[in-house]
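Engineer: Just one file: target17.cif, with mmCIF, C-alpha atoms.
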data_entry
loop_
_atom_site.group_PDB
_atom_site.id
_atom_site.type_symbol
_atom_site.label_atom_id
_atom_site.label_comp_id
_atom_site.auth_asym_id
_atom_site.auth_seq_id
_atom_site.Cartn_x
_atom_site.Cartn_y
_atom_site.Cartn_z
ATOM 1 C CA MET B 1105 -14.949 -21.353 18.265
ATOM 2 C CA GLU B 1106 -14.860 -17.897 19.855
ATOM 3 C CA PHE B 1107 -11.095 -17.724 19.314
ATOM 4 C CA PHE B 1108 -11.438 -18.987 15.745
ATOM 5 C CA GLU B 1109 -14.284 -16.635 14.826
ATOM 6 C CA THR B 1110 -12.469 -13.588 16.160
ATOM 7 C CA ALA B 1111 -9.331 -14.584 14.299
ATOM 8 C CA GLU B 1112 -11.188 -15.171 11.043
ATOM 9 C CA ARG B 1113 -13.253 -11.979 11.196
ATOM 10 C CA LYS B 1114 -10.829 -9.511 12.756
ATOM 11 C CA ARG B 1115 -7.243 -10.716 12.975
ATOM 12 C CA ARG B 1116 -6.235 -12.820 9.974
ATOM 13 C CA TRP B 1117 -3.623 -11.067 7.841
ATOM 14 C CA ASN B 1118 -1.971 -11.644 4.515
ATOM 15 C CA LEU B 1119 1.790 -11.830 4.191
ATOM 16 C CA PHE B 1120 1.709 -10.418 0.672
ATOM 17 C CA ASP B 1121 -0.970 -7.747 0.907
ATOM 18 C CA ASP B 1122 -0.892 -6.436 4.482
ATOM 19 C CA VAL B 1123 2.823 -5.662 4.756
ATOM 20 C CA PRO B 1124 3.968 -2.532 2.852
ATOM 21 C CA TRP B 1125 6.933 -4.189 1.136
ATOM 22 C CA ASP B 1126 7.173 -1.259 -1.290
ATOM 23 C CA LYS B 1127 8.232 0.952 1.637
ATOM 24 C CA LEU B 1128 11.330 -1.052 2.579
ATOM 25 C CA ALA B 1129 14.202 1.267 3.482
ATOM 26 C CA PRO B 1130 17.535 -0.441 2.664
ATOM 27 C CA GLU B 1131 19.362 2.669 3.800
ATOM 28 C CA MET B 1132 18.377 1.762 7.367
ATOM 29 C CA ASN B 1133 20.028 -1.657 7.154
ATOM 30 C CA SER B 1134 22.589 -2.560 9.789
ATOM 31 C CA GLU B 1135 24.092 -5.745 11.158
ATOM 32 C CA GLU B 1136 22.493 -4.978 14.509
ATOM 33 C CA ARG B 1137 19.071 -4.976 12.834
ATOM 34 C CA ALA B 1138 19.891 -8.161 10.942
ATOM 35 C CA ILE B 1139 20.906 -9.977 14.139
ATOM 36 C CA ARG B 1140 17.741 -8.855 15.924
ATOM 37 C CA ILE B 1141 15.320 -9.999 13.219
ATOM 38 C CA GLU B 1142 17.305 -13.158 12.505
ATOM 39 C CA THR B 1143 17.116 -14.184 16.165
ATOM 40 C CA TYR B 1144 13.347 -13.708 16.210
ATOM 41 C CA CYS B 1145 13.102 -15.651 12.962
ATOM 42 C CA ALA B 1146 15.210 -18.539 14.281
ATOM 43 C CA GLU B 1147 13.017 -18.864 17.369
ATOM 44 C CA GLU B 1148 9.887 -18.953 15.218
ATOM 45 C CA MET B 1149 11.453 -21.603 12.946
ATOM 46 C CA PHE B 1150 11.272 -24.308 15.593
ATOM 47 C CA LEU B 1151 7.567 -24.449 14.687
ATOM 48 C CA PRO B 1152 7.635 -28.143 13.645
ATOM 49 C CA ASP B 1153 8.847 -29.049 17.136
ATOM 50 C CA TYR B 1154 6.310 -26.794 18.846
ATOM 51 C CA THR B 1155 3.513 -28.277 16.744
ATOM 52 C CA GLN B 1156 4.569 -31.893 17.246
ATOM 53 C CA ALA B 1157 4.819 -31.490 21.027
ATOM 54 C CA GLY B 1158 1.474 -29.704 21.205
ATOM 55 C CA ASN B 1159 -0.358 -32.250 19.085
ATOM 56 C CA GLU B 1160 1.031 -35.164 21.084
ATOM 57 C CA LEU B 1161 -0.075 -33.540 24.321
ATOM 58 C CA LEU B 1162 -3.506 -32.370 23.165
ATOM 59 C CA ARG B 1163 -4.650 -35.138 20.826
ATOM 60 C CA GLY B 1164 -8.119 -36.305 21.794
ATOM 61 C CA VAL B 1165 -9.279 -32.974 23.231
ATOM 62 C CA PHE B 1166 -11.097 -31.383 20.302
ATOM 63 C CA GLY B 1167 -11.020 -27.701 21.249
ATOM 64 C CA LEU B 1168 -7.404 -27.725 22.364
ATOM 65 C CA ALA B 1169 -6.169 -29.808 19.437
ATOM 66 C CA TRP B 1170 -7.867 -27.509 16.921
ATOM 67 C CA PHE B 1171 -6.530 -24.440 18.702
ATOM 68 C CA GLN B 1172 -3.043 -25.950 18.538
ATOM 69 C CA ASN B 1173 -3.250 -26.248 14.778
ATOM 70 C CA ALA B 1174 -4.786 -22.803 14.328
ATOM 71 C CA TRP B 1175 -1.928 -21.521 16.499
ATOM 72 C CA SER B 1176 0.585 -23.353 14.321
ATOM 73 C CA TYR B 1177 -0.783 -21.738 11.173
ATOM 74 C CA GLU B 1178 -0.651 -18.280 12.701
ATOM 75 C CA GLU B 1179 2.855 -18.798 14.042
ATOM 76 C CA SER B 1180 4.024 -20.106 10.660
ATOM 77 C CA ARG B 1181 3.386 -16.659 9.197
ATOM 78 C CA HIS B 1182 5.669 -15.100 11.803
ATOM 79 C CA GLY B 1183 8.687 -17.097 10.679
ATOM 80 C CA LEU B 1184 7.803 -16.428 7.042
ATOM 81 C CA VAL B 1185 7.373 -12.684 7.431
ATOM 82 C CA PHE B 1186 10.693 -12.334 9.268
ATOM 83 C CA ARG B 1187 12.354 -14.439 6.571
ATOM 84 C CA GLU B 1188 10.887 -12.272 3.828
ATOM 85 C CA TYR B 1189 11.987 -9.116 5.589
ATOM 86 C CA LEU B 1190 15.551 -10.340 5.957
ATOM 87 C CA VAL B 1191 15.834 -11.352 2.302
ATOM 88 C CA ARG B 1192 13.802 -8.578 0.665
ATOM 89 C CA SER B 1193 15.604 -5.879 2.637
ATOM 90 C CA GLY B 1194 18.990 -7.274 1.672
ATOM 91 C CA LEU B 1195 19.971 -7.873 5.289
ATOM 92 C CA ARG B 1196 20.555 -11.542 4.451
ATOM 93 C CA THR B 1197 21.116 -13.286 1.131
ATOM 94 C CA PRO B 1198 19.175 -16.454 0.251
ATOM 95 C CA ALA B 1199 22.385 -18.428 0.754
ATOM 96 C CA GLN B 1200 22.841 -16.969 4.235
ATOM 97 C CA PHE B 1201 19.277 -17.855 5.099
ATOM 98 C CA ASP B 1202 19.797 -21.396 3.830
ATOM 99 C CA ARG B 1203 22.634 -21.715 6.327
ATOM 100 C CA LEU B 1204 20.401 -20.349 9.089
ATOM 101 C CA GLU B 1205 17.749 -22.952 8.245
ATOM 102 C CA ALA B 1206 20.284 -25.763 8.338
ATOM 103 C CA ASP B 1207 21.605 -24.531 11.677
ATOM 104 C CA VAL B 1208 18.127 -24.266 13.236
ATOM 105 C CA PHE B 1209 16.982 -27.644 11.968
ATOM 106 C CA SER B 1210 20.107 -29.339 13.308
ATOM 107 C CA ARG B 1211 18.658 -28.928 16.815
ATOM 108 C CA LYS B 1212 15.338 -29.898 18.350
ATOM 109 C CA TRP B 1213 13.104 -28.128 20.846
ATOM 110 C CA ASP B 1214 11.495 -30.255 23.535
ATOM 111 C CA ALA B 1215 8.519 -29.196 25.610
ATOM 112 C CA PRO B 1216 9.828 -27.780 28.902
ATOM 113 C CA PHE B 1217 6.935 -29.173 30.979
ATOM 114 C CA ALA B 1218 5.221 -32.533 31.026
ATOM 115 C CA THR B 1219 1.496 -31.863 31.395
ATOM 116 C CA ARG B 1220 -1.131 -30.025 29.405
ATOM 117 C CA ARG B 1221 -1.954 -27.780 32.363
ATOM 118 C CA GLN B 1222 1.656 -26.795 32.926
ATOM 119 C CA MET B 1223 2.066 -26.048 29.222
ATOM 120 C CA SER B 1224 -1.015 -23.803 29.352
ATOM 121 C CA CYS B 1225 0.700 -21.864 32.139
ATOM 122 C CA TYR B 1226 3.882 -21.751 30.095
ATOM 123 C CA GLY B 1227 1.993 -20.647 26.990
ATOM 124 C CA ALA B 1228 0.343 -17.750 28.817
ATOM 125 C CA LEU B 1229 3.701 -16.457 30.026
ATOM 126 C CA GLN B 1230 5.715 -17.166 26.892
ATOM 127 C CA GLU B 1231 3.174 -15.560 24.579
ATOM 128 C CA SER B 1232 2.946 -12.526 26.869
ATOM 129 C CA ALA B 1233 6.720 -12.157 26.890
ATOM 130 C CA THR B 1234 6.868 -12.450 23.108
ATOM 131 C CA TYR B 1235 4.070 -9.898 22.771
ATOM 132 C CA LEU B 1236 5.972 -7.443 24.952
ATOM 133 C CA ALA B 1237 9.155 -7.876 22.914
ATOM 134 C CA TYR B 1238 7.368 -7.508 19.578
ATOM 135 C CA ARG B 1239 5.301 -4.567 20.777
ATOM 136 C CA ALA B 1240 8.479 -2.764 21.831
ATOM 137 C CA GLN B 1241 9.912 -3.416 18.366
ATOM 138 C CA LYS B 1242 6.761 -2.048 16.759
ATOM 139 C CA GLU B 1243 7.153 1.163 18.750
ATOM 140 C CA ARG B 1244 10.836 1.326 17.866
ATOM 141 C CA ALA B 1245 10.078 0.946 14.151
ATOM 142 C CA GLU B 1246 7.454 3.675 14.431
ATOM 143 C CA ALA B 1247 9.992 6.027 16.030
ATOM 144 C CA GLU B 1248 12.496 5.180 13.297
ATOM 145 C CA HIS B 1249 9.889 5.854 10.566
ATOM 146 C CA ASP B 1250 10.124 2.311 9.215
ATOM 147 C CA PRO B 1251 6.564 1.481 8.066
ATOM 148 C CA THR B 1252 7.428 -2.012 6.837
ATOM 149 C CA LEU B 1253 8.903 -3.211 10.104
ATOM 150 C CA GLU B 1254 6.231 -1.348 12.061
ATOM 151 C CA ALA B 1255 3.485 -3.213 10.179
ATOM 152 C CA ILE B 1256 5.213 -6.569 10.643
ATOM 153 C CA PHE B 1257 5.571 -6.166 14.385
ATOM 154 C CA PHE B 1258 2.029 -4.855 14.719
ATOM 155 C CA LEU B 1259 0.644 -7.965 13.017
ATOM 156 C CA VAL B 1260 2.754 -10.528 14.844
ATOM 157 C CA SER B 1261 2.367 -8.879 18.256
ATOM 158 C CA ARG B 1262 -1.418 -8.873 17.831
ATOM 159 C CA ASP B 1263 -1.318 -12.623 17.192
ATOM 160 C CA GLU B 1264 0.826 -13.190 20.274
ATOM 161 C CA ALA B 1265 -1.590 -11.213 22.441
ATOM 162 C CA ALA B 1266 -4.497 -13.350 21.207
ATOM 163 C CA HIS B 1267 -2.593 -16.552 21.910
ATOM 164 C CA ALA B 1268 -1.731 -15.397 25.425
ATOM 165 C CA GLY B 1269 -5.397 -14.627 26.024
ATOM 166 C CA PHE B 1270 -6.437 -18.142 25.014
ATOM 167 C CA TYR B 1271 -3.951 -19.716 27.413
ATOM 168 C CA ARG B 1272 -5.091 -17.425 30.219
ATOM 169 C CA SER B 1273 -8.653 -18.610 29.623
ATOM 170 C CA MET B 1274 -7.464 -22.204 29.835
ATOM 171 C CA ILE B 1275 -5.825 -21.520 33.197
ATOM 172 C CA GLU B 1276 -9.068 -20.005 34.485
ATOM 173 C CA ILE B 1277 -10.959 -23.139 33.451
ATOM 174 C CA ASP B 1278 -8.366 -25.327 35.154
ATOM 175 C CA MET B 1279 -8.534 -23.222 38.308
ATOM 176 C CA ALA B 1280 -12.298 -23.683 38.462
ATOM 177 C CA GLU B 1281 -11.720 -27.458 38.513
ATOM 178 C CA ASP B 1282 -8.601 -27.593 40.703
ATOM 179 C CA ARG B 1283 -7.464 -24.250 42.059
ATOM 180 C CA VAL B 1284 -4.655 -25.473 44.293
ATOM 181 C CA GLY B 1285 -3.205 -27.870 41.733
ATOM 182 C CA THR B 1286 -3.356 -25.296 38.957
ATOM 183 C CA LEU B 1287 -1.680 -22.615 41.051
ATOM 184 C CA SER B 1288 1.000 -25.064 42.100
ATOM 185 C CA ASP B 1289 1.670 -25.776 38.429
ATOM 186 C CA LEU B 1290 1.765 -22.055 37.673
ATOM 187 C CA ALA B 1291 4.266 -21.456 40.461
ATOM 188 C CA HIS B 1292 6.427 -24.285 39.123
ATOM 189 C CA VAL B 1293 6.342 -22.849 35.609
ATOM 190 C CA ILE B 1294 7.207 -19.330 36.781
ATOM 191 C CA ALA B 1295 10.142 -20.653 38.796
ATOM 192 C CA ASN B 1296 11.500 -22.607 35.820
ATOM 193 C CA PHE B 1297 10.518 -20.328 32.947
ATOM 194 C CA LYS B 1298 12.754 -19.616 29.998
ATOM 195 C CA MET B 1299 12.053 -18.582 26.414
ATOM 196 C CA PRO B 1300 12.109 -21.312 23.747
ATOM 197 C CA GLY B 1301 15.302 -20.019 22.162
ATOM 198 C CA ALA B 1302 17.278 -19.856 25.411
ATOM 199 C CA GLY B 1303 19.884 -22.613 25.443
ATOM 200 C CA LEU B 1304 18.887 -23.655 21.925
ATOM 201 C CA ILE B 1305 19.834 -20.762 19.637
ATOM 202 C CA PRO B 1306 23.561 -19.960 19.821
ATOM 203 C CA ASN B 1307 24.223 -16.614 21.516
ATOM 204 C CA TYR B 1308 20.479 -16.131 21.982
ATOM 205 C CA VAL B 1309 20.599 -13.746 24.948
ATOM 206 C CA GLU B 1310 23.623 -11.880 23.587
ATOM 207 C CA ASN B 1311 22.005 -11.446 20.180
ATOM 208 C CA LEU B 1312 18.831 -10.005 21.671
ATOM 209 C CA ARG B 1313 20.889 -7.691 23.838
ATOM 210 C CA ILE B 1314 22.836 -6.485 20.782
ATOM 211 C CA GLY B 1315 19.667 -5.809 18.893
ATOM 212 C CA GLY B 1316 17.667 -4.458 21.801
ATOM 213 C CA GLY B 1317 15.149 -7.188 21.142
ATOM 214 C CA GLY B 1318 14.656 -8.861 24.501
ATOM 215 C CA ILE B 1319 12.838 -7.884 27.655
ATOM 216 C CA SER B 1320 14.310 -7.571 31.122
ATOM 217 C CA PRO B 1321 13.427 -9.909 34.012
ATOM 218 C CA ARG B 1322 11.821 -6.945 35.739
ATOM 219 C CA LEU B 1323 9.623 -6.193 32.735
ATOM 220 C CA PHE B 1324 8.675 -9.872 32.502
ATOM 221 C CA LEU B 1325 7.510 -9.792 36.122
ATOM 222 C CA THR B 1326 5.705 -6.454 36.010
ATOM 223 C CA ARG B 1327 4.117 -6.789 32.549
ATOM 224 C CA ALA B 1328 3.588 -10.551 32.207
ATOM 225 C CA VAL B 1329 3.574 -12.361 35.554
ATOM 226 C CA PHE B 1330 1.842 -9.844 37.807
ATOM 227 C CA PRO B 1331 -0.979 -9.010 35.326
ATOM 228 C CA LEU B 1332 -1.602 -12.751 34.908
ATOM 229 C CA LEU B 1333 -1.903 -13.215 38.674
ATOM 230 C CA LYS B 1334 -4.277 -10.257 38.857
ATOM 231 C CA GLN B 1335 -6.487 -11.606 36.081
ATOM 232 C CA LEU B 1336 -6.609 -15.009 37.773
ATOM 233 C CA GLY B 1337 -7.564 -13.410 41.079
ATOM 234 C CA THR B 1338 -4.565 -14.777 42.924
ATOM 235 C CA SER B 1339 -1.328 -13.599 44.504
ATOM 236 C CA ARG B 1340 2.249 -14.646 45.130
ATOM 237 C CA ASP B 1341 1.279 -15.688 48.645
ATOM 238 C CA GLU B 1342 -1.417 -18.020 47.332
ATOM 239 C CA LEU B 1343 1.031 -19.481 44.793
ATOM 240 C CA ARG B 1344 3.451 -20.293 47.586
ATOM 241 C CA SER B 1345 0.696 -21.821 49.701
ATOM 242 C CA ALA B 1346 -0.546 -23.935 46.784
ATOM 243 C CA SER B 1347 2.953 -25.222 46.095
ATOM 244 C CA ALA B 1348 3.470 -26.101 49.740
ATOM 245 C CA ALA B 1349 0.164 -27.982 49.801
ATOM 246 C CA VAL B 1350 0.744 -29.963 46.606
ATOM 247 C CA VAL B 1351 4.424 -30.922 46.861
ATOM 248 C CA PRO B 1352 3.972 -33.222 49.905
ATOM 249 C CA LEU B 1353 1.105 -34.991 48.117
ATOM 250 C CA ARG B 1354 3.268 -35.604 45.072
ATOM 251 C CA ALA B 1355 6.105 -36.891 47.214
ATOM 252 C CA ALA B 1356 3.789 -39.255 49.038
ATOM 253 C CA SER B 1357 2.405 -40.674 45.792
#
What does this structure look like when you write it as structure tokens?
Structural biologist:
Amino acid sequence: MEFFETAERKRRWNLFDDVPWDKLAPEMNSEERAIRIETYCAEEMFLPDYTQAGNELLRGVFGLAWFQNAWSYEESRHGLVFREYLVRSGLRTPAQFDRLEADVFSRKWDAPFATRRQMSCYGALQESATYLAYRAQKERAEAEHDPTLEAIFFLVSRDEAAHAGFYRSMIEIDMAEDRVGTLSDLAHVIANFKMPGAGLIPNYVENLRIGGGGISPRLFLTRAVFPLLKQLGTSRDELRSASAAVVPLRAAS
């Protein structure tokens, strides 16, 4: 309810009224920009798969199930706002976007981890990484004097930050119940982390590199992983110890 109230009172935004579409600057169009936004849009368009996996995993736990569906609504606006930007700016025609939709929906995203606790760890890291990428794009748009794209990335990055915060809170709750097991799961997720679009969207890494839209492994560690460990009151040494303690128990079972 705290997450929902904050979202309703302070963070909800309107695709039609809160983005300055009248300030679009077609003269700034480039294929590099089109590839960057299109790649973000494609990753957001796997929303039906994200939602299905989340609901299957969380069904029966009221707070988490309702968060999942609030999350799905908020994320749905991200794919829509990128779509609108691509079409309204003239970077992509409706026919080109139809082909993108068909291409995206020809593949399916599967949850990368099996348990609710592991997916909370994944969510905290993935949302933080997405926030960092979108925040960098907001700053880039500001430097380029592009108020439309600046507003879009401000709104979507703010959502991503809120989502990351919810998942971090979930990890803290899990740690209070089972610190060693939770940290072992977190270590496993960090070791096997990849973004949803990696291996699913053709030329995903290359496209982000072309458009300057990704984040480096170093930035992921210093701005996503290490701050998470600090907030949780843990360290890399404790992660390693937790993994060493849990793995033999799993093997024995």
Engineer: Would you kindly return, as an NGL selection string, each protein, DNA or RNA residue with an atom no farther than 7 Å from any atom of stretch 1159-1168 of chain B, considering all atoms listed in the file and excluding same-chain residues fewer than 4 positions away?
Structural biologist: :B and (1155 or 1172 or 1220)
Engineer: Can you tell me how far atom CA of B:Ser1339 sits from atom CA of B:Met1223, in Å to one decimal?
Structural biologist: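 A separation of 20.0 Å between them.
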Engineer: Using only C-alpha atoms, determine which residues lie at most 8 Å from B:Phe1201, disregarding the query and same-chain residues fewer than 4 positions distant; provide the list as a PyMOL selection string.
Structural biologist: chain B and resi 1187+1191+1196-1197+1205
Engineer: Which residue is closest to B:Phe1209? Choose from B:Ile1305, B:Leu1195, B:Ile1275, B:Ala1349 and count all atoms listed in the file.
Structural biologist: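 Ranking B:Ile1305, B:Leu1195, B:Ile1275, B:Ala1349 by distance to B:Phe1209, first place goes to B:Ile1305.
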Engineer: Give me the result of the PyMOL selection byres ((chain B and resi 1298) around 12) on this file, residue by residue, as a VMD selection string.
Structural biologist: chain B and resid 1215 to 1217 1226 to 1227 1229 to 1231 1233 to 1234 1293 to 1297 1299 to 1304 1308 to 1309 1319 1321 1324
Engineer: Evaluate the PyMOL selection byres ((chain B and resi 1141) around 12) and record the selected residues as JSON, numbers by chain, following the chain and residue labels used in the document.
Structural biologist: {"B": [1133, 1134, 1135, 1136, 1137, 1138, 1139, 1140, 1142, 1143, 1144, 1145, 1146, 1147, 1148, 1182, 1183, 1184, 1185, 1186, 1187, 1188, 1189, 1190, 1191, 1193, 1195, 1196, 1201, 1237, 1238, 1241, 1253, 1256, 1257, 1308, 1311, 1312, 1314, 1315, 1316, 1317, 1318]}
Engineer: Show me the residues around (1.6, -2.6, 13.2) - criterion: an atom at most 10 Å away, only C-alpha atoms counted - as a PyMOL selection string.
Structural biologist: chain B and resi 1122-1123+1238-1239+1241-1243+1245-1246+1251-1262
Engineer: Please give the centre and size of the box around stretch 1262-1273 of chain B (axis-aligned, containing every atom listed in the file, 8 Å added per side), with values in Å to one decimal and written as lines of an AutoDock Vina configuration file.
Structural biologist:
center_x = -3.9
center_y = -14.3
center_z = 23.7
size_x = 25.5
size_y = 26.8
size_z = 29.0
Engineer: Do you have the atom CA of B:Leu1290-atom CA of B:Cys1225 distance handy?
Structural biologist: 5.6 Å
Engineer: Please, what distance in Å, to one decimal, runs between atom CA of B:Ala1265 and atom CA of B:Glu1109?
Structural biologist: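 Here the two named atoms are 15.8 Å from each other.
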Engineer: Using all atoms listed in the file, can you tell me which of B:Asp1282, B:Glu1310, B:Asp1153, B:Asp1250 comes closest to B:Arg1211?
Structural biologist: B:Asp1153
Engineer: Taking all atoms listed in the file into account, name the residue in B:Arg1272, B:His1249, B:His1267, B:Arg1192 that is nearest to B:Pro1130.
Structural biologist: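 When distances to B:Pro1130 are compared using all atoms listed in the file, the smallest one comes from B:Arg1192.
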Engineer: Please supply stretch 1204-1213 of chain B, rebuilt with all heavy atoms, as an mmCIF file, keeping the file's coordinate frame.
Structural biologist:
data_model
loop_
_atom_site.group_PDB
_atom_site.id
_atom_site.type_symbol
_atom_site.label_atom_id
_atom_site.label_comp_id
_atom_site.auth_asym_id
_atom_site.auth_seq_id
_atom_site.Cartn_x
_atom_site.Cartn_y
_atom_site.Cartn_z
ATOM 1 N N LEU B 1204 21.149 -20.512 7.847
ATOM 2 C CA LEU B 1204 20.401 -20.349 9.089
ATOM 3 C C LEU B 1204 19.402 -21.500 9.251
ATOM 4 O O LEU B 1204 19.284 -22.075 10.341
ATOM 5 C CB LEU B 1204 19.653 -19.011 9.089
ATOM 6 C CG LEU B 1204 18.702 -18.783 10.283
ATOM 7 C CD1 LEU B 1204 19.489 -18.694 11.579
ATOM 8 C CD2 LEU B 1204 17.862 -17.523 10.074
ATOM 9 N N GLU B 1205 18.692 -21.841 8.184
ATOM 10 C CA GLU B 1205 17.749 -22.952 8.245
ATOM 11 C C GLU B 1205 18.440 -24.240 8.658
ATOM 12 O O GLU B 1205 17.955 -24.977 9.519
ATOM 13 C CB GLU B 1205 17.079 -23.151 6.878
ATOM 14 C CG GLU B 1205 16.020 -22.133 6.547
ATOM 15 C CD GLU B 1205 15.357 -22.435 5.217
ATOM 16 O OE1 GLU B 1205 15.793 -23.393 4.529
ATOM 17 O OE2 GLU B 1205 14.409 -21.719 4.849
ATOM 18 N N ALA B 1206 19.563 -24.529 8.028
ATOM 19 C CA ALA B 1206 20.284 -25.763 8.338
ATOM 20 C C ALA B 1206 20.732 -25.775 9.792
ATOM 21 O O ALA B 1206 20.672 -26.813 10.471
ATOM 22 C CB ALA B 1206 21.486 -25.913 7.410
ATOM 23 N N ASP B 1207 21.152 -24.625 10.289
ATOM 24 C CA ASP B 1207 21.605 -24.531 11.677
ATOM 25 C C ASP B 1207 20.446 -24.759 12.639
ATOM 26 O O ASP B 1207 20.557 -25.517 13.606
ATOM 27 C CB ASP B 1207 22.240 -23.163 11.918
ATOM 28 C CG ASP B 1207 22.792 -23.033 13.324
ATOM 29 O OD1 ASP B 1207 23.674 -23.825 13.697
ATOM 30 O OD2 ASP B 1207 22.325 -22.145 14.069
ATOM 31 N N VAL B 1208 19.301 -24.115 12.370
ATOM 32 C CA VAL B 1208 18.127 -24.266 13.236
ATOM 33 C C VAL B 1208 17.656 -25.710 13.238
ATOM 34 O O VAL B 1208 17.401 -26.308 14.299
ATOM 35 C CB VAL B 1208 16.990 -23.329 12.784
ATOM 36 C CG1 VAL B 1208 15.680 -23.693 13.489
ATOM 37 C CG2 VAL B 1208 17.341 -21.875 13.085
ATOM 38 N N PHE B 1209 17.542 -26.304 12.059
ATOM 39 C CA PHE B 1209 16.982 -27.644 11.968
ATOM 40 C C PHE B 1209 17.940 -28.736 12.425
ATOM 41 O O PHE B 1209 17.560 -29.908 12.492
ATOM 42 C CB PHE B 1209 16.497 -27.913 10.542
ATOM 43 C CG PHE B 1209 15.353 -27.034 10.121
ATOM 44 C CD1 PHE B 1209 15.222 -26.605 8.808
ATOM 45 C CD2 PHE B 1209 14.396 -26.614 11.046
ATOM 46 C CE1 PHE B 1209 14.164 -25.792 8.424
ATOM 47 C CE2 PHE B 1209 13.344 -25.808 10.680
ATOM 48 C CZ PHE B 1209 13.221 -25.389 9.361
ATOM 49 N N SER B 1210 19.170 -28.355 12.766
ATOM 50 C CA SER B 1210 20.107 -29.339 13.308
ATOM 51 C C SER B 1210 19.859 -29.593 14.791
ATOM 52 O O SER B 1210 20.457 -30.499 15.371
ATOM 53 C CB SER B 1210 21.552 -28.867 13.112
ATOM 54 O OG SER B 1210 21.837 -27.735 13.947
ATOM 55 N N ARG B 1211 18.981 -28.769 15.399
ATOM 56 C CA ARG B 1211 18.658 -28.928 16.815
ATOM 57 C C ARG B 1211 17.155 -29.112 16.979
ATOM 58 O O ARG B 1211 16.390 -28.788 16.077
ATOM 59 C CB ARG B 1211 19.124 -27.703 17.612
ATOM 60 C CG ARG B 1211 20.633 -27.583 17.723
ATOM 61 C CD ARG B 1211 21.050 -26.357 18.512
ATOM 62 N NE ARG B 1211 20.707 -25.121 17.810
ATOM 63 C CZ ARG B 1211 21.463 -24.592 16.856
ATOM 64 N NH1 ARG B 1211 22.589 -25.174 16.506
ATOM 65 N NH2 ARG B 1211 21.113 -23.472 16.262
ATOM 66 N N LYS B 1212 16.756 -29.610 18.115
ATOM 67 C CA LYS B 1212 15.338 -29.898 18.350
ATOM 68 C C LYS B 1212 14.896 -29.286 19.672
ATOM 69 O O LYS B 1212 15.601 -29.379 20.677
ATOM 70 C CB LYS B 1212 15.099 -31.420 18.372
ATOM 71 C CG LYS B 1212 13.626 -31.816 18.546
ATOM 72 C CD LYS B 1212 13.469 -33.324 18.482
ATOM 73 C CE LYS B 1212 11.993 -33.739 18.567
ATOM 74 N NZ LYS B 1212 11.374 -33.370 19.843
ATOM 75 N N TRP B 1213 13.721 -28.671 19.633
ATOM 76 C CA TRP B 1213 13.104 -28.128 20.846
ATOM 77 C C TRP B 1213 12.235 -29.200 21.478
ATOM 78 O O TRP B 1213 11.471 -29.882 20.800
ATOM 79 C CB TRP B 1213 12.255 -26.918 20.489
ATOM 80 C CG TRP B 1213 11.526 -26.290 21.650
ATOM 81 C CD1 TRP B 1213 12.006 -25.324 22.493
ATOM 82 C CD2 TRP B 1213 10.186 -26.567 22.085
ATOM 83 N NE1 TRP B 1213 11.039 -24.976 23.419
ATOM 84 C CE2 TRP B 1213 9.916 -25.728 23.202
ATOM 85 C CE3 TRP B 1213 9.196 -27.435 21.640
ATOM 86 C CZ2 TRP B 1213 8.698 -25.735 23.873
ATOM 87 C CZ3 TRP B 1213 7.981 -27.461 22.311
ATOM 88 C CH2 TRP B 1213 7.740 -26.613 23.407
#
